[in-house]
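Undergrad: Please read through the structure below; I'll follow up with questions.
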Amino acid sequence: MAAMKPAMLFLALGLTLPARADDASRLVAATLGHTPLLRDLQSLTDEIGGRPTGSEANRRAVEWGLARFKEAGLEGRAERFTMPSLWLERRATARFAGSAAFEAPAVAMPFSAATPAAGAAAPVVDGGHGTEADFKRLGVTAKGAFVLVETGELVDLEGLFREYAEAAEIERRAFAADVAGVAYMASRPRGLLYRHNVSIGPKNTRPMLIVERESAQRALRFLRSGRPLTLTATIEVEGGKPYEAANVVADVRGSEKPDEVVLIGAHLDSWDLGTGALDNGCNVALVLDIARQIQSLGLKPRRTIRFVLWNGEEQGMIGSWEYAKAHAAELDRHVMASSYDIGSGRISGFLTNGRPELDAVIERALVPVAGLGPFAQAPDPVVGTDNYDFMMEGVANLVANQESANYGPNYHAGSDTFDKVDTRQLKQNTAIAAAVTWGFANADVTWRRQTRAEIQALVDGTTLKDQMIGMDLYDVWVSGQRGRKK
Ligand SMILES: [Zn+2]
């Protein structure tokens, strides 16, 4: 008798093979090996470049995603949807005049209003940091003026979340004071410019700018020594109309429970000052690479693994919202949806968005990549990427929690380019994401979709409500336009 292989022994004993644990290790090894991960990242960022939704580059990126899935042996599909309002900057300038005359490098904030071709001119007032006290000090002088707001330098993720939260407050005060517009001092030094959405999105009616930090400081020195300035802002925008965009979706069909979905996604769109490498080309490449390795190893997950390259993320996570609407009938069978969107800093664990019951599955799934840890999970709900609509629909969802690394300083900026990506860490993050995806695709599940009441408890019991207000998402939740209805 030939020596019995371990597999035959298991069969002979009537036991099931621990094959899926073994598959996880093979998948991890494959992602850590030689793969086209960086070729994909370079082609998306260097060749296609910045790809705001609605742009020609974005349409090329959708075709690119479809071609990449096809090359991996998967049937990709473009799931089309309507974006509410086009916004692309054609040109933005800022010219200060008065005690001195100088042109300041500037960009329009997404959803800034356009100005007349000759520009919109108004006196500039020193908005300080845009606090309640600052607007009180300005009183009626803010009305009809450009408020120039000083910012602290952005160095890390914490600063980024703070910048968003503060901007929403500053803009609320500025609009209440009936300003002509807001000009923010850029929060990154040395001439770096970036885009930062106007907090109220397409509802905004005013010109809104980010002005080069050094020029804004120059202007403030004049104002603070009692020498007045006017600002002429010229903003040319292509926009206003609804338009079509698409998520790119591909499935590896489940062998036992094909109707149950484990989703892994990253957004394909980016802003256009840089080439969208940290935000979020690197994680698009990560998602594609996992799909490719699962397919080329011929692995058979129990559940369907769905790979999604989201679109319209930067305009308010529109692609994932539209997905939730289009797939409403299947959401009860979405076991987990994960998002990767914090650049290439080390994945230090997962944010479970109010679902600590996921921890045990995550921790088991991470065993094959234990050497890339340590990892720690946190239950904090996070608003700002494509997990949002899954969270608000009660679907278990994860966001990879990553070390800040260089994400903050390059966020939405001209400097977000291929060379900023930590390629070694991105490989390791791919292995981590592969292990977690595989784990959920095969795990025993103890949770179910949450009801509206349960989601409401999360809104009320955490920072979620404040985050939603800061991103203009709270009213549409309360009114039932966005999120689970019952
Ligand atoms: Zn992003």
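Just so we're on the same page: first chain in the structure tokens is A, next is B, and so on; residues restart at 1 for each chain, and ligands are numbered from 1 in the order they show up.
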Just the residues within 10 Å of Ala453 in chain A, please, counting only C-alpha atoms, with nothing from its chain fewer than 3 positions along; format it as a PyMOL selection string.

TA: chain A and resi 394+450+456-459+484-486

Undergrad: Contacts of Leu299 in chain A at 9 Å or less, counting only C-alpha atoms, minus same-chain residues fewer than 6 places along, as a list in words?

TA: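 My reading of the contact set: Arg20, Asp23, Leu27 and Gln293 of chain A.
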
Undergrad: Suppose we keep C-alpha atoms; can you now write the selection as a PDB file, in the first residue's frame?

TA:
```pdb
ATOM      1  CA  ARG A  20      -9.389  26.763   3.485  1.00  0.00           C
ATOM      2  CA  ASP A  23      -5.774  28.284   0.929  1.00  0.00           C
ATOM      3  CA  LEU A  27      -3.144  33.377  -1.088  1.00  0.00           C
ATOM      4  CA  GLN A 293      -4.299  35.897  -7.119  1.00  0.00           C
TER       5      GLN A 293
END
```

Undergrad: Within 6 Å of ligand 1, counting only C-alpha atoms and all ligand atoms, which protein or nucleic acid residues do you find, written as a PyMOL selection string?

TA: chain A and resi 279-280+341

Undergrad: Go ahead and write the residues just picked, N, CA and C atoms, as a compact mmCIF listing (two decimals), in the first residue's frame.

TA:
```txt
# COMPACT_ATOMS: atom_id res chain seq x y z
N ASP A 279 -4.40 58.32 -2.61
CA ASP A 279 -5.86 58.41 -2.52
C ASP A 279 -6.44 58.29 -3.92
N ASN A 280 -6.67 57.11 -4.45
CA ASN A 280 -6.65 55.86 -3.75
C ASN A 280 -6.15 54.78 -4.68
N ASP A 341 -8.78 52.83 2.07
CA ASP A 341 -8.76 54.21 1.55
C ASP A 341 -7.85 55.14 2.34
```

Undergrad: Which one of A:Trp438, A:Tyr184, A:Trp321, A:Trp447 sits closest to Asn247 in chain A if you count only C-alpha atoms?

TA: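 With only C-alpha atoms as the atom set, the closest residue is A:Trp321.
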
Undergrad: So that I can check the surroundings of range 241-246 of chain A, please list as number ranges by chain every protein, DNA and RNA residue that reaches within 12 Å of it, counting only C-alpha atoms and ignoring chain neighbours fewer than 5 positions away.

TA: A: 51-63, 65-66, 76-88, 202, 267-269, 308-313, 315, 318-320, 322-323

Undergrad: Next, the residues of the selection above should be written as a compact mmCIF listing (two decimals), in the first residue's frame with N, CA and C atoms.

TA:
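Contents of selection_6.txt, freshly written:
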```txt
# COMPACT_ATOMS: atom_id res chain seq x y z
N ARG A 51 -8.22 61.63 -11.90
CA ARG A 51 -9.42 61.10 -12.58
C ARG A 51 -10.69 61.45 -11.83
N PRO A 52 -10.98 62.76 -11.71
CA PRO A 52 -12.23 63.12 -11.03
C PRO A 52 -13.43 62.56 -11.78
N THR A 53 -14.42 62.14 -11.03
CA THR A 53 -15.63 61.60 -11.64
C THR A 53 -16.23 62.66 -12.56
N GLY A 54 -16.58 62.24 -13.76
CA GLY A 54 -17.12 63.18 -14.75
C GLY A 54 -16.08 63.58 -15.78
N SER A 55 -14.81 63.29 -15.51
CA SER A 55 -13.75 63.68 -16.46
C SER A 55 -13.51 62.56 -17.47
N GLU A 56 -12.84 62.93 -18.54
CA GLU A 56 -12.46 61.94 -19.56
C GLU A 56 -11.52 60.90 -18.94
N ALA A 57 -10.61 61.35 -18.09
CA ALA A 57 -9.68 60.41 -17.44
C ALA A 57 -10.44 59.40 -16.59
N ASN A 58 -11.52 59.83 -15.96
CA ASN A 58 -12.30 58.90 -15.15
C ASN A 58 -12.95 57.83 -16.03
N ARG A 59 -13.44 58.24 -17.18
CA ARG A 59 -14.03 57.24 -18.09
C ARG A 59 -12.96 56.25 -18.55
N ARG A 60 -11.75 56.75 -18.80
CA ARG A 60 -10.65 55.84 -19.18
C ARG A 60 -10.33 54.89 -18.01
N ALA A 61 -10.41 55.41 -16.79
CA ALA A 61 -10.11 54.57 -15.63
C ALA A 61 -11.13 53.43 -15.49
N VAL A 62 -12.37 53.68 -15.82
CA VAL A 62 -13.39 52.63 -15.78
C VAL A 62 -13.04 51.54 -16.79
N GLU A 63 -12.68 51.95 -18.01
CA GLU A 63 -12.28 50.97 -19.03
C GLU A 63 -11.04 50.20 -18.58
N GLY A 65 -10.15 49.56 -15.49
CA GLY A 65 -10.54 48.60 -14.45
C GLY A 65 -11.16 47.35 -15.07
N LEU A 66 -12.02 47.55 -16.04
CA LEU A 66 -12.65 46.40 -16.73
C LEU A 66 -11.58 45.54 -17.40
N GLY A 76 -15.60 41.32 -15.43
CA GLY A 76 -15.94 42.58 -14.77
C GLY A 76 -17.14 43.22 -15.43
N ARG A 77 -17.83 44.06 -14.69
CA ARG A 77 -18.95 44.79 -15.29
C ARG A 77 -18.94 46.23 -14.78
N ALA A 78 -19.40 47.14 -15.65
CA ALA A 78 -19.54 48.54 -15.24
C ALA A 78 -20.98 48.71 -14.77
N GLU A 79 -21.18 49.03 -13.50
CA GLU A 79 -22.53 49.27 -12.99
C GLU A 79 -22.74 50.79 -13.01
N ARG A 80 -23.56 51.21 -13.97
CA ARG A 80 -23.70 52.65 -14.22
C ARG A 80 -24.73 53.29 -13.31
N PHE A 81 -24.51 54.55 -13.03
CA PHE A 81 -25.44 55.31 -12.19
C PHE A 81 -25.30 56.79 -12.54
N THR A 82 -26.25 57.58 -12.05
CA THR A 82 -26.25 59.01 -12.36
C THR A 82 -25.66 59.79 -11.20
N MET A 83 -24.67 60.59 -11.50
CA MET A 83 -24.11 61.52 -10.52
C MET A 83 -24.95 62.79 -10.55
N PRO A 84 -25.22 63.39 -9.37
CA PRO A 84 -26.17 64.49 -9.35
C PRO A 84 -25.70 65.78 -10.02
N SER A 85 -24.39 66.07 -9.96
CA SER A 85 -23.98 67.40 -10.38
C SER A 85 -22.50 67.42 -10.76
N LEU A 86 -22.23 67.71 -12.04
CA LEU A 86 -20.83 67.75 -12.49
C LEU A 86 -20.10 68.92 -11.85
N TRP A 87 -18.87 68.70 -11.45
CA TRP A 87 -18.03 69.81 -11.00
C TRP A 87 -16.58 69.51 -11.36
N LEU A 88 -16.07 70.25 -12.33
CA LEU A 88 -14.66 70.14 -12.70
C LEU A 88 -14.10 71.56 -12.81
N PRO A 202 -23.00 70.36 -3.48
CA PRO A 202 -23.58 71.08 -4.62
C PRO A 202 -24.58 72.18 -4.22
N HIS A 267 -11.89 53.11 -3.91
CA HIS A 267 -12.44 54.01 -4.94
C HIS A 267 -11.43 54.32 -6.04
N LEU A 268 -11.96 54.26 -7.25
CA LEU A 268 -11.19 54.44 -8.47
C LEU A 268 -10.97 55.92 -8.79
N ASP A 269 -11.94 56.76 -8.45
CA ASP A 269 -11.85 58.18 -8.77
C ASP A 269 -10.84 58.87 -7.85
N VAL A 308 -14.92 45.56 -5.86
CA VAL A 308 -15.55 46.76 -6.41
C VAL A 308 -14.57 47.92 -6.43
N LEU A 309 -14.47 48.55 -7.60
CA LEU A 309 -13.73 49.82 -7.73
C LEU A 309 -14.80 50.91 -7.78
N TRP A 310 -14.93 51.63 -6.68
CA TRP A 310 -16.01 52.61 -6.55
C TRP A 310 -15.74 53.86 -7.38
N ASN A 311 -16.80 54.54 -7.71
CA ASN A 311 -16.65 55.83 -8.39
C ASN A 311 -17.46 56.88 -7.62
N GLY A 312 -17.19 58.15 -7.91
CA GLY A 312 -17.94 59.23 -7.25
C GLY A 312 -17.72 59.30 -5.74
N GLU A 313 -16.62 58.71 -5.26
CA GLU A 313 -16.38 58.72 -3.82
C GLU A 313 -16.10 60.13 -3.32
N GLN A 315 -17.04 62.92 -4.32
CA GLN A 315 -18.18 63.85 -4.38
C GLN A 315 -19.23 63.51 -3.32
N ILE A 318 -20.86 58.71 -3.64
CA ILE A 318 -22.08 58.52 -4.43
C ILE A 318 -22.15 57.12 -5.04
N GLY A 319 -21.01 56.61 -5.51
CA GLY A 319 -21.01 55.29 -6.14
C GLY A 319 -21.45 54.19 -5.19
N SER A 320 -20.98 54.23 -3.94
CA SER A 320 -21.37 53.19 -2.99
C SER A 320 -22.82 53.39 -2.54
N GLU A 322 -25.18 54.55 -4.53
CA GLU A 322 -25.95 54.02 -5.66
C GLU A 322 -25.92 52.49 -5.68
N TYR A 323 -24.78 51.92 -5.31
CA TYR A 323 -24.69 50.46 -5.23
C TYR A 323 -25.71 49.93 -4.21
```

Undergrad: Fewer than 2 positions away in the same chain doesn't count, so skip those; otherwise give me all residues within 7 Å of Asp332 in chain A, counting only C-alpha atoms, as a list in words.

TA: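 These residues fall inside the cut-off: Glu330, His334 and Arg449 of chain A.
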
Undergrad: Generate a file of the selected residues that holds N, CA and C atoms, formatted as a short mmCIF file (atom, residue, chain, number, x, y, z; two decimals), in the first residue's frame.

TA:
```cif
data_model
loop_
_atom_site.label_atom_id
_atom_site.label_comp_id
_atom_site.auth_asym_id
_atom_site.auth_seq_id
_atom_site.Cartn_x
_atom_site.Cartn_y
_atom_site.Cartn_z
N GLU A 330 -30.36 42.54 -2.17
CA GLU A 330 -29.32 41.57 -1.79
C GLU A 330 -28.61 41.93 -0.48
N HIS A 334 -25.45 40.40 2.21
CA HIS A 334 -24.08 40.94 2.23
C HIS A 334 -23.52 40.69 3.64
N ARG A 449 -27.89 41.59 9.62
CA ARG A 449 -28.01 43.00 9.27
C ARG A 449 -28.74 43.74 10.39
#
```

Undergrad: Kindly assemble as a Markdown table a list of the range 355-390 of chain A residues that lie within 9 Å of range 460-465 of chain A, each paired with its nearest atom pair and their distance in Å to one decimal, using only C-alpha atoms, sorted first by chain and then by ascending residue number.

TA:
```
| residue | atom | partner | partner_atom | distance |
| --- | --- | --- | --- | --- |
| A:Asp380 | CA | A:Thr462 | CA | 7.7 |
| A:Pro381 | CA | A:Leu464 | CA | 6.1 |
| A:Val382 | CA | A:Leu464 | CA | 7.0 |
| A:Val383 | CA | A:Leu464 | CA | 7.3 |
```

Undergrad: By how many Å are CA of Leu273 in chain A and CA of Arg195 in chain A apart?

TA: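 For CA of Leu273 in chain A relative to CA of Arg195 in chain A, the distance reads 7.8 Å.
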
Undergrad: Residues of range 144-244 of chain A in alpha helix (DSSP H) according to DSSP, as number ranges by chain?

TA: A: 157-176, 213-224

Undergrad: Tell me which of A:Trp64, A:Tyr340, A:Tyr388, A:Phe175 sits closest to Tyr474 in chain A, counting only C-alpha atoms.

TA: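 Among A:Trp64, A:Tyr340, A:Tyr388, A:Phe175, it is A:Tyr388 that comes nearest to Tyr474 in chain A.
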
Undergrad: Would you list the contacts of Thr115 in chain A as a list of chain:residue names, taking every protein, DNA or RNA residue within 12 Å and counting only C-alpha atoms, but skipping same-chain residues closer than 5 positions in sequence?

TA: A:Glu89, A:Arg90, A:Arg91, A:Ala92, A:Thr93, A:Ala94, A:Ala108, A:Ala120, A:Ala121, A:Ala180, A:Gly181, A:Thr205, A:Arg206, A:Pro207, A:Met208, A:Leu209, A:Thr232, A:Ala233, A:Thr234, A:Ile235, A:Glu236, A:Val237, A:Glu238

Undergrad: I need the chosen residues saved as a CSV table (one decimal), in the first residue's frame, with C-alpha atoms.

TA:
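Output file selection28.csv follows:
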```
chain,number,residue,atom,x,y,z
A,89,GLU,CA,-12.4,73.1,-12.3
A,90,ARG,CA,-11.1,74.7,-15.5
A,91,ARG,CA,-9.3,77.6,-14.0
A,92,ALA,CA,-8.9,79.4,-10.7
A,93,THR,CA,-6.9,82.6,-9.9
A,94,ALA,CA,-6.7,84.8,-6.9
A,108,ALA,CA,-11.3,76.3,-6.3
A,120,ALA,CA,-15.6,88.4,-8.3
A,121,ALA,CA,-14.0,91.2,-6.4
A,180,ALA,CA,-18.9,86.9,-0.6
A,181,GLY,CA,-16.8,83.8,-0.3
A,205,THR,CA,-23.6,79.2,-4.1
A,206,ARG,CA,-20.4,81.1,-3.3
A,207,PRO,CA,-16.9,81.2,-4.7
A,208,MET,CA,-14.7,79.1,-2.4
A,209,LEU,CA,-10.9,78.9,-2.6
A,232,THR,CA,-10.5,89.2,-7.1
A,233,ALA,CA,-11.2,85.5,-7.5
A,234,THR,CA,-11.7,84.1,-11.0
A,235,ILE,CA,-13.2,80.6,-11.0
A,236,GLU,CA,-14.2,78.8,-14.2
A,237,VAL,CA,-16.1,75.6,-13.7
A,238,GLU,CA,-17.4,72.9,-16.0
```

Undergrad: Pick the closest to Asp251 in chain A from A:Ala396, A:Leu74, A:Leu331, A:Ala365: which is it, counting only C-alpha atoms?

TA: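 Comparing A:Ala396, A:Leu74, A:Leu331, A:Ala365 against Asp251 in chain A, the winner is A:Leu74.
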